[in-house]
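Peer 1: This is query39.txt (compact mmCIF, C-alpha atoms).
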# COMPACT_ATOMS: atom_id res chain seq x y z
CA MET X 1 0.00 0.00 0.00
CA ALA X 2 2.80 2.44 0.89
CA ILE X 3 4.60 1.58 -2.37
CA GLN X 4 1.41 2.28 -4.34
CA ARG X 5 1.02 5.67 -2.65
CA ARG X 6 4.66 6.48 -3.43
CA CYS X 7 4.13 5.52 -7.10
CA ASP X 8 0.97 7.63 -7.25
CA ALA X 9 2.82 10.60 -5.73
CA VAL X 10 5.66 10.25 -8.24
CA ALA X 11 3.20 9.99 -11.14
CA LEU X 12 1.32 13.05 -9.87
CA GLY X 13 4.60 14.96 -9.63
CA TRP X 14 5.49 14.05 -13.21
CA ALA X 15 2.01 15.07 -14.38
CA LYS X 16 2.36 18.44 -12.65
CA GLN X 17 5.79 18.96 -14.21
CA ALA X 18 4.48 18.03 -17.66
CA THR X 19 1.53 20.39 -17.24
CA ALA X 20 3.82 23.22 -16.11
CA TYR X 21 6.14 22.55 -19.06
CA ALA X 22 3.22 22.61 -21.51
CA GLN X 23 1.92 25.84 -19.99
CA ASP X 24 5.38 27.42 -20.26
CA LYS X 25 5.60 26.36 -23.91
CA MET X 26 2.13 27.85 -24.59
CA VAL X 27 3.09 31.13 -22.92
CA GLY X 28 6.15 31.22 -25.19
CA LEU X 29 3.94 30.55 -28.21
CA MET X 30 1.53 33.29 -27.22
CA LYS X 31 4.39 35.82 -27.05
CA ASP X 32 5.22 35.06 -30.71
CA LEU X 33 1.57 35.31 -31.80
CA ILE X 34 0.83 38.41 -33.88
CA PHE X 35 -2.53 39.58 -35.24
CA ARG X 36 -2.60 41.86 -38.24
CA ARG X 37 -4.59 42.95 -41.28
CA ALA X 38 -4.35 40.28 -43.98
CA GLU X 39 -2.22 41.04 -47.02
CA THR X 40 -2.59 39.79 -50.58
CA SER X 41 0.38 37.47 -50.04
CA ASP X 42 -1.59 35.73 -47.23
CA LEU X 43 -4.47 34.84 -49.54
CA PRO X 44 -3.26 31.37 -50.67
CA THR X 45 -2.78 30.27 -47.05
CA ILE X 46 -6.17 31.67 -46.02
CA ILE X 47 -7.86 29.78 -48.86
CA VAL X 48 -6.14 26.52 -47.90
CA MET X 49 -7.38 26.96 -44.31
CA LEU X 50 -10.91 27.70 -45.55
CA ALA X 51 -10.84 24.45 -47.54
CA ASP X 52 -9.39 22.35 -44.71
CA ASP X 53 -12.52 20.73 -43.33
CA ILE X 54 -15.43 18.65 -44.56
CA LEU X 55 -17.59 21.66 -45.45
CA GLY X 56 -14.76 23.72 -46.92
CA ARG X 57 -13.68 20.91 -49.22
CA GLN X 58 -17.14 21.06 -50.78
CA ARG X 59 -17.22 24.80 -51.44
CA GLU X 60 -13.67 26.21 -51.62
CA ASP X 61 -11.04 26.05 -54.37
CA PRO X 62 -7.52 25.83 -52.87
CA SER X 63 -5.81 25.50 -56.27
CA SER X 64 -2.70 27.47 -57.04
CA PRO X 65 -2.63 30.15 -58.26
CA PRO X 66 -5.79 31.23 -56.42
CA ASN X 67 -9.03 31.54 -58.30
CA VAL X 68 -9.37 35.18 -59.44
CA LYS X 69 -12.73 35.42 -57.59
CA TYR X 70 -10.86 35.22 -54.27
CA LEU X 71 -8.56 38.06 -55.30
CA GLU X 72 -11.51 40.21 -56.39
CA ALA X 73 -13.31 39.57 -53.10
CA PHE X 74 -10.14 40.27 -51.11
CA ARG X 75 -9.65 43.60 -52.89
CA ALA X 76 -13.26 44.57 -52.14
CA ILE X 77 -12.77 43.68 -48.46
CA GLN X 78 -9.56 45.70 -48.28
CA ALA X 79 -11.23 48.73 -49.91
CA ASP X 80 -14.19 48.75 -47.49
CA PRO X 81 -13.51 50.56 -44.19
CA ASN X 82 -16.16 48.41 -42.48
CA GLN X 83 -14.36 45.16 -43.33
CA LEU X 84 -11.32 43.65 -41.67
CA ALA X 85 -9.71 40.50 -43.02
CA ALA X 86 -7.16 39.53 -40.41
CA VAL X 87 -4.60 36.82 -39.83
CA ALA X 88 -2.82 35.38 -36.84
CA THR X 89 0.86 34.66 -37.36
CA LEU X 90 3.22 32.55 -35.32
CA ASN X 91 6.93 32.90 -36.04
CA GLY X 92 5.99 34.61 -39.30
CA ASP X 93 3.68 31.82 -40.51
CA VAL X 94 -0.04 32.48 -41.02
CA ILE X 95 -1.81 30.04 -38.67
CA GLY X 96 -5.27 31.60 -38.42
CA SER X 97 -7.66 33.94 -40.17
CA LEU X 98 -11.01 35.60 -39.78
CA GLN X 99 -13.09 38.40 -41.20
CA ILE X 100 -14.91 41.07 -39.22
CA THR X 101 -17.68 43.14 -40.74
CA PHE X 102 -18.61 46.27 -38.81
CA ILE X 103 -22.35 46.82 -39.34
CA PRO X 104 -24.17 50.05 -38.49
CA GLY X 105 -27.77 49.56 -37.50
CA LEU X 106 -30.87 51.36 -36.35
CA GLY X 107 -31.87 48.64 -33.90
CA ARG X 108 -30.62 48.68 -30.33
CA GLN X 109 -30.59 52.48 -30.43
CA GLY X 110 -28.28 52.74 -33.41
CA ALA X 111 -25.80 50.16 -32.20
CA TRP X 112 -22.94 48.93 -34.34
CA ARG X 113 -22.38 45.18 -34.58
CA GLY X 114 -19.24 43.22 -35.23
CA GLN X 115 -19.95 40.17 -37.41
CA ILE X 116 -17.13 37.60 -37.20
CA GLU X 117 -16.96 35.09 -40.04
CA ALA X 118 -14.65 32.69 -41.89
CA VAL X 119 -12.77 31.78 -38.72
CA ARG X 120 -10.00 29.25 -39.24
CA ILE X 121 -7.00 27.95 -37.34
CA ALA X 122 -4.46 25.77 -39.16
CA ALA X 123 -5.11 22.10 -38.40
CA LYS X 124 -1.88 21.51 -36.46
CA HIS X 125 -2.72 24.40 -34.09
CA ARG X 126 -6.33 23.50 -33.31
CA GLY X 127 -6.95 22.82 -29.64
CA SER X 128 -3.88 24.83 -28.59
CA GLY X 129 -5.69 27.91 -27.28
CA LEU X 130 -4.71 30.04 -30.27
CA GLY X 131 -8.31 30.20 -31.51
CA GLN X 132 -9.42 31.66 -28.19
CA ARG X 133 -6.67 34.25 -28.36
CA MET X 134 -7.71 35.13 -31.91
CA PHE X 135 -11.31 35.62 -30.79
CA GLU X 136 -10.26 37.75 -27.84
CA TRP X 137 -8.33 39.94 -30.27
CA ALA X 138 -11.29 40.12 -32.70
CA ILE X 139 -13.72 41.05 -29.92
CA GLU X 140 -11.35 43.80 -28.82
CA GLN X 141 -11.30 45.13 -32.41
CA CYS X 142 -15.10 45.28 -32.30
CA ARG X 143 -15.04 47.04 -28.95
CA ALA X 144 -12.49 49.57 -30.25
CA ARG X 145 -14.82 50.35 -33.18
CA GLY X 146 -17.70 51.05 -30.78
CA CYS X 147 -19.66 47.87 -31.43
CA LYS X 148 -22.27 47.06 -28.79
CA ILE X 149 -22.71 43.45 -29.87
CA VAL X 150 -20.54 40.80 -31.52
CA GLN X 151 -22.24 38.10 -33.53
CA LEU X 152 -21.36 35.20 -35.75
CA THR X 153 -22.96 32.42 -37.69
CA THR X 154 -21.77 28.86 -37.79
CA ASP X 155 -22.91 25.88 -39.79
CA LYS X 156 -25.15 23.49 -37.87
CA ALA X 157 -22.71 20.67 -38.70
CA ARG X 158 -19.82 22.35 -36.85
CA VAL X 159 -20.59 20.89 -33.44
CA ASP X 160 -17.04 21.39 -32.13
CA ALA X 161 -17.22 25.06 -33.14
CA HIS X 162 -20.52 25.41 -31.28
CA ARG X 163 -18.89 24.17 -28.06
CA PHE X 164 -15.98 26.56 -28.63
CA TYR X 165 -18.29 29.57 -29.09
CA ASP X 166 -20.29 28.54 -26.01
CA ARG X 167 -17.07 28.48 -23.96
CA LEU X 168 -16.26 31.99 -25.21
CA GLY X 169 -19.60 33.26 -23.88
CA PHE X 170 -21.55 33.47 -27.14
CA ILE X 171 -25.23 32.54 -26.84
CA ALA X 172 -27.15 30.71 -29.57
CA SER X 173 -29.99 33.23 -29.39
CA HIS X 174 -31.23 33.38 -32.98
CA VAL X 175 -32.01 31.11 -35.90
CA GLY X 176 -30.32 32.08 -39.16
CA TYR X 177 -31.45 31.38 -42.70
CA LYS X 178 -29.53 31.48 -45.96
CA LEU X 179 -30.59 31.41 -49.56
CA THR X 180 -27.93 30.33 -52.04
CA LEU X 181 -28.10 32.39 -55.24
As structure tokens, please, write out the structure in this file.

Peer 2:
Amino acid sequence: MAIQRRCDAVALGWAKQATAYAQDKMVGLMKDLIFRRAETSDLPTIIVMLADDILGRQREDPSSPPNVKYLEAFRAIQADPNQLAAVATLNGDVIGSLQITFIPGLGRQGAWRGQIEAVRIAAKHRGSGLGQRMFEWAIEQCRARGCKIVQLTTDKARVDAHRFYDRLGFIASHVGYKLTL
């Protein structure tokens, strides 16, 4: 019995050391994480991330060079002061992207809304906490622009994303509809 307790204590000590090491590594990663406005040179990587899931494979075109429609859309986003296409970089590599649309409205006493869409984290970085940091940054961008509410839509099939948004404090308060044209 005493030997078992000693083994359990040693195992617990190793687990605590491993956890502390992993936390130290993550803190180091977070220091190298940079958020910035997306540039045209980021577009191929953004498109690959958009295509890197079961839904994206059905609707995106990650071919190289990028489909001209992506470049046209990107230019329109960059030209619109109420749009922000952003990326997260780690050690100079693009590892995440999202788009924020700042929407003026008459409802809620003229409140502005931040609409966050096209959120992606590179596959090898999912589950690392980088997505949460990216959302914290995006929400702060909305706050800085005077938004009173931040909203997003997510496909019903993205169950893992739903849990993630719940953890961030988002509430599934509305039902959304889309009509493909």

Peer 1: Which one is closest to X:Leu168: X:Pro104, X:Gly129, X:Pro66, X:Gly92? Count only C-alpha atoms.

Peer 2: X:Gly129

Peer 1: Can you work out which one of X:Ile100, X:Leu50, X:Val87, X:Val119 has the shortest atom-to-atom distance to X:Leu33, counting all atoms listed in the file?

Peer 2: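 The closest residue to X:Leu33 is X:Val87.
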
Peer 1: Using atom CA of X:Arg36 and atom CA of X:Ala86 as the two end points, give the distance in Å to one decimal.

Peer 2: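 Distance between the two atoms: 5.6 Å.
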
Peer 1: Find the residues with any atom within 10 Å of (-21.6, 31.9, -39.1); use all atoms listed in the file and the coordinates as given in the file, and write the answer as a ChimeraX atom specification.

Peer 2: /X:115-119,151-156,158,176

Peer 1: With distances taken over all atoms listed in the file, which residue among X:Arg120, X:Arg133, X:Lys69, X:Lys31 lies nearest X:Asn91?

Peer 2: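 Between X:Arg120, X:Arg133, X:Lys69, X:Lys31, the residue approaching X:Asn91 most closely is X:Lys31.
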